[in-house]
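Engineer: Sharing query.cif, mmCIF, N, CA and C atoms:
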```cif
data_final
loop_
_atom_site.group_PDB
_atom_site.id
_atom_site.type_symbol
_atom_site.label_atom_id
_atom_site.label_comp_id
_atom_site.auth_asym_id
_atom_site.auth_seq_id
_atom_site.Cartn_x
_atom_site.Cartn_y
_atom_site.Cartn_z
ATOM 1 N N MET E 471 1.481 19.644 1.476
ATOM 2 C CA MET E 471 1.169 18.222 1.513
ATOM 3 C C MET E 471 2.435 17.433 1.833
ATOM 4 N N ILE E 472 2.291 16.453 2.707
ATOM 5 C CA ILE E 472 3.432 15.615 3.095
ATOM 6 C C ILE E 472 3.688 14.586 1.996
ATOM 7 N N ASN E 473 4.942 14.353 1.748
ATOM 8 C CA ASN E 473 5.360 13.402 0.732
ATOM 9 C C ASN E 473 4.865 11.998 1.093
ATOM 10 N N PRO E 474 4.234 11.274 0.151
ATOM 11 C CA PRO E 474 3.741 9.928 0.473
ATOM 12 C C PRO E 474 4.858 8.933 0.777
ATOM 13 N N TYR E 475 6.077 9.235 0.369
ATOM 14 C CA TYR E 475 7.187 8.338 0.678
ATOM 15 C C TYR E 475 7.502 8.314 2.168
ATOM 16 N N LEU E 476 7.189 9.406 2.868
ATOM 17 C CA LEU E 476 7.368 9.418 4.316
ATOM 18 C C LEU E 476 6.425 8.417 4.975
ATOM 19 N N TYR E 477 5.189 8.360 4.488
ATOM 20 C CA TYR E 477 4.240 7.376 5.012
ATOM 21 C C TYR E 477 4.698 5.951 4.706
ATOM 22 N N LEU E 478 5.265 5.750 3.536
ATOM 23 C CA LEU E 478 5.767 4.415 3.197
ATOM 24 C C LEU E 478 6.967 4.041 4.065
ATOM 25 N N LEU E 479 7.787 5.022 4.408
ATOM 26 C CA LEU E 479 8.906 4.756 5.305
ATOM 27 C C LEU E 479 8.402 4.377 6.691
ATOM 28 N N ILE E 480 7.427 5.108 7.196
ATOM 29 C CA ILE E 480 6.842 4.777 8.497
ATOM 30 C C ILE E 480 6.180 3.408 8.451
ATOM 31 N N SER E 481 5.509 3.111 7.340
ATOM 32 C CA SER E 481 4.864 1.805 7.184
ATOM 33 C C SER E 481 5.888 0.676 7.191
ATOM 34 N N SER E 482 7.021 0.881 6.540
ATOM 35 C CA SER E 482 8.034 -0.181 6.522
ATOM 36 C C SER E 482 8.679 -0.356 7.896
ATOM 37 N N VAL E 483 8.839 0.733 8.654
ATOM 38 C CA VAL E 483 9.370 0.607 10.012
ATOM 39 C C VAL E 483 8.385 -0.159 10.895
ATOM 40 N N LEU E 484 7.100 0.160 10.783
ATOM 41 C CA LEU E 484 6.086 -0.572 11.541
ATOM 42 C C LEU E 484 6.054 -2.042 11.143
ATOM 43 N N PHE E 485 6.226 -2.318 9.869
ATOM 44 C CA PHE E 485 6.252 -3.698 9.400
ATOM 45 C C PHE E 485 7.421 -4.453 10.026
ATOM 46 N N GLY E 486 8.574 -3.819 10.081
ATOM 47 C CA GLY E 486 9.739 -4.446 10.703
ATOM 48 C C GLY E 486 9.526 -4.714 12.185
ATOM 49 N N ILE E 487 8.899 -3.765 12.883
ATOM 50 C CA ILE E 487 8.602 -3.961 14.301
ATOM 51 C C ILE E 487 7.646 -5.125 14.489
ATOM 52 N N GLY E 488 6.642 -5.224 13.619
ATOM 53 C CA GLY E 488 5.690 -6.325 13.709
ATOM 54 C C GLY E 488 6.321 -7.679 13.441
ATOM 55 N N VAL E 489 7.187 -7.750 12.452
ATOM 56 C CA VAL E 489 7.869 -9.012 12.144
ATOM 57 C C VAL E 489 8.774 -9.417 13.307
ATOM 58 N N TYR E 490 9.491 -8.460 13.875
ATOM 59 C CA TYR E 490 10.336 -8.758 15.030
ATOM 60 C C TYR E 490 9.498 -9.262 16.198
ATOM 61 N N GLY E 491 8.359 -8.648 16.433
ATOM 62 C CA GLY E 491 7.506 -9.056 17.540
ATOM 63 C C GLY E 491 6.952 -10.456 17.357
ATOM 64 N N ILE E 492 6.593 -10.811 16.143
ATOM 65 C CA ILE E 492 6.057 -12.158 15.904
ATOM 66 C C ILE E 492 7.150 -13.212 16.029
ATOM 67 N N LEU E 493 8.330 -12.908 15.518
ATOM 68 C CA LEU E 493 9.390 -13.909 15.531
ATOM 69 C C LEU E 493 10.064 -14.065 16.890
ATOM 70 N N SER E 494 10.019 -13.046 17.727
ATOM 71 C CA SER E 494 10.766 -13.123 18.975
ATOM 72 C C SER E 494 9.916 -13.447 20.201
ATOM 73 N N LYS E 495 8.627 -13.274 20.140
ATOM 74 C CA LYS E 495 7.774 -13.485 21.309
ATOM 75 C C LYS E 495 7.024 -14.803 21.193
ATOM 76 N N ARG E 496 6.766 -15.423 22.335
ATOM 77 C CA ARG E 496 5.993 -16.655 22.356
ATOM 78 C C ARG E 496 4.644 -16.471 23.037
ATOM 79 N N ASN E 497 4.415 -15.316 23.614
ATOM 80 C CA ASN E 497 3.152 -15.033 24.266
ATOM 81 C C ASN E 497 2.103 -14.717 23.200
ATOM 82 N N MET E 498 0.929 -15.321 23.328
ATOM 83 C CA MET E 498 -0.091 -15.176 22.297
ATOM 84 C C MET E 498 -0.586 -13.735 22.172
ATOM 85 N N ILE E 499 -0.717 -13.029 23.286
ATOM 86 C CA ILE E 499 -1.201 -11.652 23.242
ATOM 87 C C ILE E 499 -0.176 -10.756 22.552
ATOM 88 N N ARG E 500 1.094 -10.939 22.860
ATOM 89 C CA ARG E 500 2.132 -10.142 22.207
ATOM 90 C C ARG E 500 2.217 -10.447 20.723
ATOM 91 N N MET E 501 2.032 -11.705 20.366
ATOM 92 C CA MET E 501 2.028 -12.042 18.949
ATOM 93 C C MET E 501 0.825 -11.434 18.240
ATOM 94 N N LEU E 502 -0.313 -11.396 18.922
ATOM 95 C CA LEU E 502 -1.505 -10.766 18.354
ATOM 96 C C LEU E 502 -1.282 -9.271 18.142
ATOM 97 N N LEU E 503 -0.675 -8.611 19.115
ATOM 98 C CA LEU E 503 -0.380 -7.185 18.955
ATOM 99 C C LEU E 503 0.613 -6.947 17.821
ATOM 100 N N SER E 504 1.593 -7.811 17.686
ATOM 101 C CA SER E 504 2.557 -7.675 16.592
ATOM 102 C C SER E 504 1.892 -7.891 15.239
ATOM 103 N N ALA E 505 0.965 -8.842 15.175
ATOM 104 C CA ALA E 505 0.235 -9.062 13.924
ATOM 105 C C ALA E 505 -0.635 -7.856 13.584
ATOM 106 N N GLU E 506 -1.194 -7.216 14.587
ATOM 107 C CA GLU E 506 -1.990 -6.013 14.335
ATOM 108 C C GLU E 506 -1.108 -4.862 13.856
ATOM 109 N N ILE E 507 0.103 -4.777 14.376
ATOM 110 C CA ILE E 507 1.031 -3.757 13.883
ATOM 111 C C ILE E 507 1.369 -4.026 12.422
ATOM 112 N N LEU E 508 1.588 -5.289 12.072
ATOM 113 C CA LEU E 508 1.821 -5.650 10.670
ATOM 114 C C LEU E 508 0.638 -5.249 9.788
ATOM 115 N N PHE E 509 -0.547 -5.558 10.255
ATOM 116 C CA PHE E 509 -1.755 -5.265 9.483
ATOM 117 C C PHE E 509 -1.938 -3.763 9.315
ATOM 118 N N ASN E 510 -1.696 -3.007 10.381
ATOM 119 C CA ASN E 510 -1.854 -1.560 10.294
ATOM 120 C C ASN E 510 -0.783 -0.924 9.413
ATOM 121 N N SER E 511 0.392 -1.505 9.361
ATOM 122 C CA SER E 511 1.408 -0.976 8.449
ATOM 123 C C SER E 511 0.995 -1.183 6.994
ATOM 124 N N ALA E 512 0.377 -2.316 6.710
ATOM 125 C CA ALA E 512 -0.122 -2.543 5.349
ATOM 126 C C ALA E 512 -1.252 -1.574 5.010
ATOM 127 N N LEU E 513 -2.110 -1.295 5.975
ATOM 128 C CA LEU E 513 -3.187 -0.332 5.737
ATOM 129 C C LEU E 513 -2.641 1.080 5.549
ATOM 130 N N LEU E 514 -1.603 1.437 6.277
ATOM 131 C CA LEU E 514 -0.987 2.749 6.098
ATOM 132 C C LEU E 514 -0.378 2.876 4.709
ATOM 133 N N ALA E 515 0.250 1.821 4.221
ATOM 134 C CA ALA E 515 0.796 1.840 2.866
ATOM 135 C C ALA E 515 -0.324 1.964 1.835
ATOM 136 N N LEU E 516 -1.437 1.267 2.064
ATOM 137 C CA LEU E 516 -2.565 1.366 1.141
ATOM 138 C C LEU E 516 -3.149 2.771 1.125
ATOM 139 N N VAL E 517 -3.282 3.388 2.282
ATOM 140 C CA VAL E 517 -3.791 4.760 2.340
ATOM 141 C C VAL E 517 -2.814 5.716 1.668
ATOM 142 N N SER E 518 -1.528 5.469 1.820
ATOM 143 C CA SER E 518 -0.525 6.314 1.184
ATOM 144 C C SER E 518 -0.633 6.244 -0.337
ATOM 145 N N PHE E 519 -0.750 5.040 -0.869
ATOM 146 C CA PHE E 519 -0.906 4.896 -2.316
ATOM 147 C C PHE E 519 -2.225 5.489 -2.798
ATOM 148 N N THR E 520 -3.271 5.338 -1.995
ATOM 149 C CA THR E 520 -4.574 5.859 -2.372
ATOM 150 C C THR E 520 -4.576 7.386 -2.391
ATOM 151 N N SER E 521 -3.921 8.005 -1.425
ATOM 152 C CA SER E 521 -3.870 9.467 -1.416
ATOM 153 C C SER E 521 -2.999 9.985 -2.552
ATOM 154 N N TYR E 522 -2.006 9.221 -2.949
ATOM 155 C CA TYR E 522 -1.138 9.637 -4.052
ATOM 156 C C TYR E 522 -1.877 9.568 -5.381
ATOM 157 N N THR E 523 -2.723 8.553 -5.570
ATOM 158 C CA THR E 523 -3.449 8.392 -6.839
ATOM 159 C C THR E 523 -4.797 9.089 -6.848
ATOM 160 N N LYS E 524 -5.232 9.620 -5.719
ATOM 161 C CA LYS E 524 -6.519 10.334 -5.593
ATOM 162 C C LYS E 524 -7.704 9.440 -5.937
ATOM 163 N N ASN E 525 -7.647 8.197 -5.500
ATOM 164 C CA ASN E 525 -8.718 7.235 -5.745
ATOM 165 C C ASN E 525 -9.424 6.956 -4.420
ATOM 166 N N VAL E 526 -10.739 7.142 -4.384
ATOM 167 C CA VAL E 526 -11.473 7.000 -3.127
ATOM 168 C C VAL E 526 -11.797 5.545 -2.797
ATOM 169 N N TYR E 527 -11.693 4.637 -3.732
ATOM 170 C CA TYR E 527 -12.043 3.248 -3.474
ATOM 171 C C TYR E 527 -11.066 2.587 -2.516
ATOM 172 N N GLY E 528 -9.845 3.051 -2.466
ATOM 173 C CA GLY E 528 -8.877 2.517 -1.520
ATOM 174 C C GLY E 528 -9.270 2.825 -0.082
ATOM 175 N N TYR E 529 -9.876 4.003 0.137
ATOM 176 C CA TYR E 529 -10.328 4.347 1.483
ATOM 177 C C TYR E 529 -11.460 3.426 1.931
ATOM 178 N N PHE E 530 -12.356 3.094 1.013
ATOM 179 C CA PHE E 530 -13.433 2.159 1.346
ATOM 180 C C PHE E 530 -12.866 0.792 1.706
ATOM 181 N N LEU E 531 -11.846 0.372 0.984
ATOM 182 C CA LEU E 531 -11.201 -0.902 1.273
ATOM 183 C C LEU E 531 -10.536 -0.878 2.650
ATOM 184 N N VAL E 532 -9.930 0.239 2.999
ATOM 185 C CA VAL E 532 -9.294 0.365 4.311
ATOM 186 C C VAL E 532 -10.342 0.315 5.417
ATOM 187 N N PHE E 533 -11.467 1.013 5.252
ATOM 188 C CA PHE E 533 -12.518 0.975 6.268
ATOM 189 C C PHE E 533 -13.077 -0.434 6.433
ATOM 190 N N LEU E 534 -13.241 -1.153 5.337
ATOM 191 C CA LEU E 534 -13.704 -2.533 5.418
ATOM 192 C C LEU E 534 -12.683 -3.410 6.138
ATOM 193 N N ALA E 535 -11.422 -3.220 5.839
ATOM 194 C CA ALA E 535 -10.371 -4.020 6.473
ATOM 195 C C ALA E 535 -10.264 -3.729 7.964
ATOM 196 N N VAL E 536 -10.466 -2.486 8.366
ATOM 197 C CA VAL E 536 -10.414 -2.150 9.787
ATOM 198 C C VAL E 536 -11.571 -2.822 10.524
ATOM 199 N N GLY E 537 -12.742 -2.862 9.909
ATOM 200 C CA GLY E 537 -13.885 -3.544 10.519
ATOM 201 C C GLY E 537 -13.655 -5.035 10.676
ATOM 202 N N ILE E 538 -13.081 -5.644 9.658
ATOM 203 C CA ILE E 538 -12.780 -7.075 9.728
ATOM 204 C C ILE E 538 -11.698 -7.344 10.774
ATOM 205 N N ALA E 539 -10.718 -6.456 10.885
ATOM 206 C CA ALA E 539 -9.659 -6.631 11.880
ATOM 207 C C ALA E 539 -10.207 -6.526 13.294
ATOM 208 N N ALA E 540 -11.192 -5.669 13.497
ATOM 209 C CA ALA E 540 -11.789 -5.555 14.832
ATOM 210 C C ALA E 540 -12.487 -6.855 15.217
ATOM 211 N N ALA E 541 -13.184 -7.469 14.275
ATOM 212 C CA ALA E 541 -13.836 -8.750 14.548
ATOM 213 C C ALA E 541 -12.800 -9.848 14.794
ATOM 214 N N GLU E 542 -11.727 -9.822 14.041
ATOM 215 C CA GLU E 542 -10.668 -10.816 14.199
ATOM 216 C C GLU E 542 -10.008 -10.699 15.569
ATOM 217 N N VAL E 543 -9.775 -9.496 16.033
ATOM 218 C CA VAL E 543 -9.163 -9.301 17.342
ATOM 219 C C VAL E 543 -10.081 -9.826 18.437
ATOM 220 N N GLY E 544 -11.368 -9.603 18.301
ATOM 221 C CA GLY E 544 -12.312 -10.119 19.293
ATOM 222 C C GLY E 544 -12.270 -11.626 19.394
ATOM 223 N N VAL E 545 -12.215 -12.304 18.271
ATOM 224 C CA VAL E 545 -12.164 -13.769 18.271
ATOM 225 C C VAL E 545 -10.849 -14.269 18.857
ATOM 226 N N LEU E 546 -9.728 -13.674 18.458
ATOM 227 C CA LEU E 546 -8.432 -14.146 18.944
ATOM 228 C C LEU E 546 -8.217 -13.858 20.426
ATOM 229 N N VAL E 547 -8.715 -12.734 20.904
ATOM 230 C CA VAL E 547 -8.586 -12.453 22.338
ATOM 231 C C VAL E 547 -9.439 -13.427 23.142
ATOM 232 N N SER E 548 -10.621 -13.768 22.642
ATOM 233 C CA SER E 548 -11.443 -14.747 23.354
ATOM 234 C C SER E 548 -10.776 -16.122 23.368
ATOM 235 N N LEU E 549 -10.111 -16.499 22.275
ATOM 236 C CA LEU E 549 -9.359 -17.756 22.269
ATOM 237 C C LEU E 549 -8.192 -17.722 23.257
ATOM 238 N N ALA E 550 -7.523 -16.583 23.349
ATOM 239 C CA ALA E 550 -6.420 -16.458 24.304
ATOM 240 C C ALA E 550 -6.924 -16.549 25.736
ATOM 241 N N ILE E 551 -8.072 -15.966 26.018
ATOM 242 C CA ILE E 551 -8.643 -16.046 27.368
ATOM 243 C C ILE E 551 -9.013 -17.486 27.706
ATOM 244 N N LEU E 552 -9.614 -18.188 26.751
ATOM 245 C CA LEU E 552 -9.955 -19.593 26.991
ATOM 246 C C LEU E 552 -8.703 -20.446 27.199
ATOM 247 N N LEU E 553 -7.662 -20.174 26.442
ATOM 248 C CA LEU E 553 -6.411 -20.911 26.612
ATOM 249 C C LEU E 553 -5.800 -20.628 27.978
ATOM 250 N N TYR E 554 -5.868 -19.397 28.429
ATOM 251 C CA TYR E 554 -5.322 -19.051 29.741
ATOM 252 C C TYR E 554 -6.122 -19.726 30.858
ATOM 253 N N ARG E 555 -7.429 -19.774 30.693
ATOM 254 C CA ARG E 555 -8.249 -20.438 31.722
ATOM 255 C C ARG E 555 -7.975 -21.938 31.777
ATOM 256 N N ARG E 556 -7.693 -22.529 30.638
ATOM 257 C CA ARG E 556 -7.487 -23.978 30.594
ATOM 258 C C ARG E 556 -6.083 -24.379 31.041
ATOM 259 N N ARG E 557 -5.064 -23.639 30.602
ATOM 260 C CA ARG E 557 -3.680 -24.018 30.877
ATOM 261 C C ARG E 557 -2.993 -23.152 31.928
ATOM 262 N N GLY E 558 -3.471 -21.919 32.128
ATOM 263 C CA GLY E 558 -2.808 -21.018 33.053
ATOM 264 C C GLY E 558 -1.637 -20.281 32.439
ATOM 265 N N ASP E 559 -1.430 -20.460 31.139
ATOM 266 C CA ASP E 559 -0.324 -19.819 30.437
ATOM 267 C C ASP E 559 -0.770 -19.562 28.997
ATOM 268 N N ILE E 560 -0.188 -18.559 28.359
ATOM 269 C CA ILE E 560 -0.568 -18.237 26.980
ATOM 270 C C ILE E 560 0.614 -18.483 26.043
ATOM 271 N N ASP E 561 1.468 -19.400 26.383
ATOM 272 C CA ASP E 561 2.618 -19.730 25.549
ATOM 273 C C ASP E 561 2.136 -20.522 24.340
ATOM 274 N N VAL E 562 2.457 -20.043 23.134
ATOM 275 C CA VAL E 562 1.963 -20.705 21.927
ATOM 276 C C VAL E 562 2.673 -22.034 21.660
ATOM 277 N N MET E 563 3.826 -22.247 22.281
ATOM 278 C CA MET E 563 4.506 -23.536 22.108
ATOM 279 C C MET E 563 3.797 -24.642 22.875
ATOM 280 N N GLU E 564 2.974 -24.272 23.828
ATOM 281 C CA GLU E 564 2.266 -25.249 24.638
ATOM 282 C C GLU E 564 0.879 -25.593 24.058
ATOM 283 N N VAL E 565 0.477 -24.930 22.983
ATOM 284 C CA VAL E 565 -0.868 -25.131 22.437
ATOM 285 C C VAL E 565 -1.039 -26.529 21.869
ATOM 286 N N ASP E 566 -0.006 -27.081 21.249
ATOM 287 C CA ASP E 566 -0.162 -28.420 20.657
ATOM 288 C C ASP E 566 -0.284 -29.512 21.706
ATOM 289 N N LYS E 567 -0.034 -29.199 22.970
ATOM 290 C CA LYS E 567 -0.238 -30.177 24.045
ATOM 291 C C LYS E 567 -1.703 -30.313 24.412
ATOM 292 N N LEU E 568 -2.560 -29.455 23.851
ATOM 293 C CA LEU E 568 -3.994 -29.533 24.137
ATOM 294 C C LEU E 568 -4.677 -30.617 23.323
ATOM 295 N N LYS E 569 -3.994 -31.208 22.351
ATOM 296 C CA LYS E 569 -4.586 -32.253 21.535
ATOM 297 C C LYS E 569 -4.887 -33.470 22.401
ATOM 298 N N GLY E 570 -6.046 -34.074 22.086
ATOM 299 C CA GLY E 570 -6.390 -35.321 22.770
ATOM 300 C C GLY E 570 -6.869 -35.064 24.092
#
```
I need this file expressed as structure tokens, please.

Structural biologist:
Amino acid sequence: MINPYLYLLISSVLFGIGVYGILSKRNMIRMLLSAEILFNSALLALVSFTSYTKNVYGYFLVFLAVGIAAAEVGVLVSLAILLYRRRGDIDVMEVDKLKG
């Protein structure tokens, strides 16, 4: 059996990559991908703790969270497509210019 601390190390590296991607990119699609990396790192940590404690309810929570994340990605990608059609760019700094 692989040590659960290895999974936590991988999860923390993924979390760092996601934080860097959100803070350094202004493109909405790249920020969405970085947020998904953050979310998946949290799910990996949850699965790691769940496998360590031998509790099956954590797996159910992970499956529910993955389903909700799939719906969230669908909504955000559709918003990004609409923003691109309206402005021709997906720069998040330009979104507040859509007011009014």

Engineer: So which residues touch E:Ser481 within 7 Å, counting all atoms listed in the file, skipping near sequence neighbours fewer than 3 positions away, as JSON, numbers by chain?

Structural biologist: {"E": [476, 477, 478, 484, 485, 486, 510, 511, 512, 514, 515]}

Engineer: Name the residues in contact with E:Thr520 at a cut-off of 12 Å, using only C-alpha atoms, excluding same-chain residues fewer than 5 positions from it; report them as a PyMOL selection string.

Structural biologist: chain E and resi 474+477-478+513-515+525-532

Engineer: Keeping only N, CA and C atoms, write the selected residues to a file as a PDB file, keeping the file's coordinate frame.

Structural biologist:
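Below is the file that was written, selection-v7.pdb:
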```pdb
ATOM      1  N   PRO E 474       4.234  11.274   0.151  1.00  0.00           N
ATOM      2  CA  PRO E 474       3.741   9.928   0.473  1.00  0.00           C
ATOM      3  C   PRO E 474       4.858   8.933   0.777  1.00  0.00           C
ATOM      4  N   TYR E 477       5.189   8.360   4.488  1.00  0.00           N
ATOM      5  CA  TYR E 477       4.240   7.376   5.012  1.00  0.00           C
ATOM      6  C   TYR E 477       4.698   5.951   4.706  1.00  0.00           C
ATOM      7  N   LEU E 478       5.265   5.750   3.536  1.00  0.00           N
ATOM      8  CA  LEU E 478       5.767   4.415   3.197  1.00  0.00           C
ATOM      9  C   LEU E 478       6.967   4.041   4.065  1.00  0.00           C
ATOM     10  N   LEU E 513      -2.110  -1.295   5.975  1.00  0.00           N
ATOM     11  CA  LEU E 513      -3.187  -0.332   5.737  1.00  0.00           C
ATOM     12  C   LEU E 513      -2.641   1.080   5.549  1.00  0.00           C
ATOM     13  N   LEU E 514      -1.603   1.437   6.277  1.00  0.00           N
ATOM     14  CA  LEU E 514      -0.987   2.749   6.098  1.00  0.00           C
ATOM     15  C   LEU E 514      -0.378   2.876   4.709  1.00  0.00           C
ATOM     16  N   ALA E 515       0.250   1.821   4.221  1.00  0.00           N
ATOM     17  CA  ALA E 515       0.796   1.840   2.866  1.00  0.00           C
ATOM     18  C   ALA E 515      -0.324   1.964   1.835  1.00  0.00           C
ATOM     19  N   ASN E 525      -7.647   8.197  -5.500  1.00  0.00           N
ATOM     20  CA  ASN E 525      -8.718   7.235  -5.745  1.00  0.00           C
ATOM     21  C   ASN E 525      -9.424   6.956  -4.420  1.00  0.00           C
ATOM     22  N   VAL E 526     -10.739   7.142  -4.384  1.00  0.00           N
ATOM     23  CA  VAL E 526     -11.473   7.000  -3.127  1.00  0.00           C
ATOM     24  C   VAL E 526     -11.797   5.545  -2.797  1.00  0.00           C
ATOM     25  N   TYR E 527     -11.693   4.637  -3.732  1.00  0.00           N
ATOM     26  CA  TYR E 527     -12.043   3.248  -3.474  1.00  0.00           C
ATOM     27  C   TYR E 527     -11.066   2.587  -2.516  1.00  0.00           C
ATOM     28  N   GLY E 528      -9.845   3.051  -2.466  1.00  0.00           N
ATOM     29  CA  GLY E 528      -8.877   2.517  -1.520  1.00  0.00           C
ATOM     30  C   GLY E 528      -9.270   2.825  -0.082  1.00  0.00           C
ATOM     31  N   TYR E 529      -9.876   4.003   0.137  1.00  0.00           N
ATOM     32  CA  TYR E 529     -10.328   4.347   1.483  1.00  0.00           C
ATOM     33  C   TYR E 529     -11.460   3.426   1.931  1.00  0.00           C
ATOM     34  N   PHE E 530     -12.356   3.094   1.013  1.00  0.00           N
ATOM     35  CA  PHE E 530     -13.433   2.159   1.346  1.00  0.00           C
ATOM     36  C   PHE E 530     -12.866   0.792   1.706  1.00  0.00           C
ATOM     37  N   LEU E 531     -11.846   0.372   0.984  1.00  0.00           N
ATOM     38  CA  LEU E 531     -11.201  -0.902   1.273  1.00  0.00           C
ATOM     39  C   LEU E 531     -10.536  -0.878   2.650  1.00  0.00           C
ATOM     40  N   VAL E 532      -9.930   0.239   2.999  1.00  0.00           N
ATOM     41  CA  VAL E 532      -9.294   0.365   4.311  1.00  0.00           C
ATOM     42  C   VAL E 532     -10.342   0.315   5.417  1.00  0.00           C
TER      43      VAL E 532
END
```

Engineer: Take atom N of E:Lys495 and atom CA of E:Ile560 and report the distance between them in Å, one decimal.

Structural biologist: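 Between atom N of E:Lys495 and atom CA of E:Ile560 the gap is 12.5 Å.
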
Engineer: Choose the residue, out of E:Leu502, E:Met563, E:Leu508, E:Val517, that has the smallest atom-to-atom separation from E:Val545; count only C-alpha atoms.

Structural biologist: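 Selected residue with least distance to E:Val545: E:Leu502.
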
Engineer: One number please: atom C of E:Asp561 to atom C of E:Val483, in Å, one decimal.

Structural biologist: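 Atom-to-atom, atom C of E:Asp561 and atom C of E:Val483 are spaced 25.2 Å apart.
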
Engineer: Would you save stretch 501-544 of chain E to a file, keeping C-alpha atoms, as a tab-separated table (two decimals), in the first residue's frame?

Structural biologist:
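Saved file part-v3.tsv follows:
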```tsv
chain	number	residue	atom	x	y	z
E	501	MET	CA	-8.47	30.52	-14.74
E	502	LEU	CA	-11.25	27.94	-14.96
E	503	LEU	CA	-8.72	25.17	-15.57
E	504	SER	CA	-6.64	26.39	-12.63
E	505	ALA	CA	-9.71	26.40	-10.40
E	506	GLU	CA	-10.44	22.83	-11.47
E	507	ILE	CA	-6.89	21.84	-10.57
E	508	LEU	CA	-7.44	23.41	-7.14
E	509	PHE	CA	-10.71	21.53	-6.74
E	510	ASN	CA	-9.20	18.22	-7.81
E	511	SER	CA	-6.31	18.65	-5.38
E	512	ALA	CA	-8.81	19.06	-2.56
E	513	LEU	CA	-10.64	15.94	-3.71
E	514	LEU	CA	-7.37	14.00	-3.83
E	515	ALA	CA	-6.64	15.04	-0.25
E	516	LEU	CA	-10.14	13.96	0.78
E	517	VAL	CA	-9.70	10.56	-0.87
E	518	SER	CA	-6.32	10.21	0.81
E	519	PHE	CA	-7.79	10.86	4.25
E	520	THR	CA	-10.73	8.58	3.49
E	521	SER	CA	-8.50	5.69	2.45
E	522	TYR	CA	-6.39	6.18	5.57
E	523	THR	CA	-9.42	6.05	7.90
E	524	LYS	CA	-11.22	3.29	5.93
E	525	ASN	CA	-14.46	5.28	5.85
E	526	VAL	CA	-16.63	4.83	2.75
E	527	TYR	CA	-18.69	8.00	3.23
E	528	GLY	CA	-15.81	10.14	2.02
E	529	TYR	CA	-15.91	8.35	-1.34
E	530	PHE	CA	-19.61	9.16	-1.68
E	531	LEU	CA	-18.82	12.80	-0.94
E	532	VAL	CA	-16.11	12.79	-3.61
E	533	PHE	CA	-18.47	11.30	-6.22
E	534	LEU	CA	-21.07	13.94	-5.39
E	535	ALA	CA	-18.48	16.71	-5.63
E	536	VAL	CA	-17.24	15.46	-9.01
E	537	GLY	CA	-20.82	15.53	-10.33
E	538	ILE	CA	-21.35	19.07	-9.09
E	539	ALA	CA	-18.01	20.15	-10.59
E	540	ALA	CA	-19.04	18.79	-13.98
E	541	ALA	CA	-22.20	20.90	-13.89
E	542	GLU	CA	-20.22	23.93	-12.76
E	543	VAL	CA	-17.75	23.56	-15.63
E	544	GLY	CA	-20.61	23.41	-18.12
```
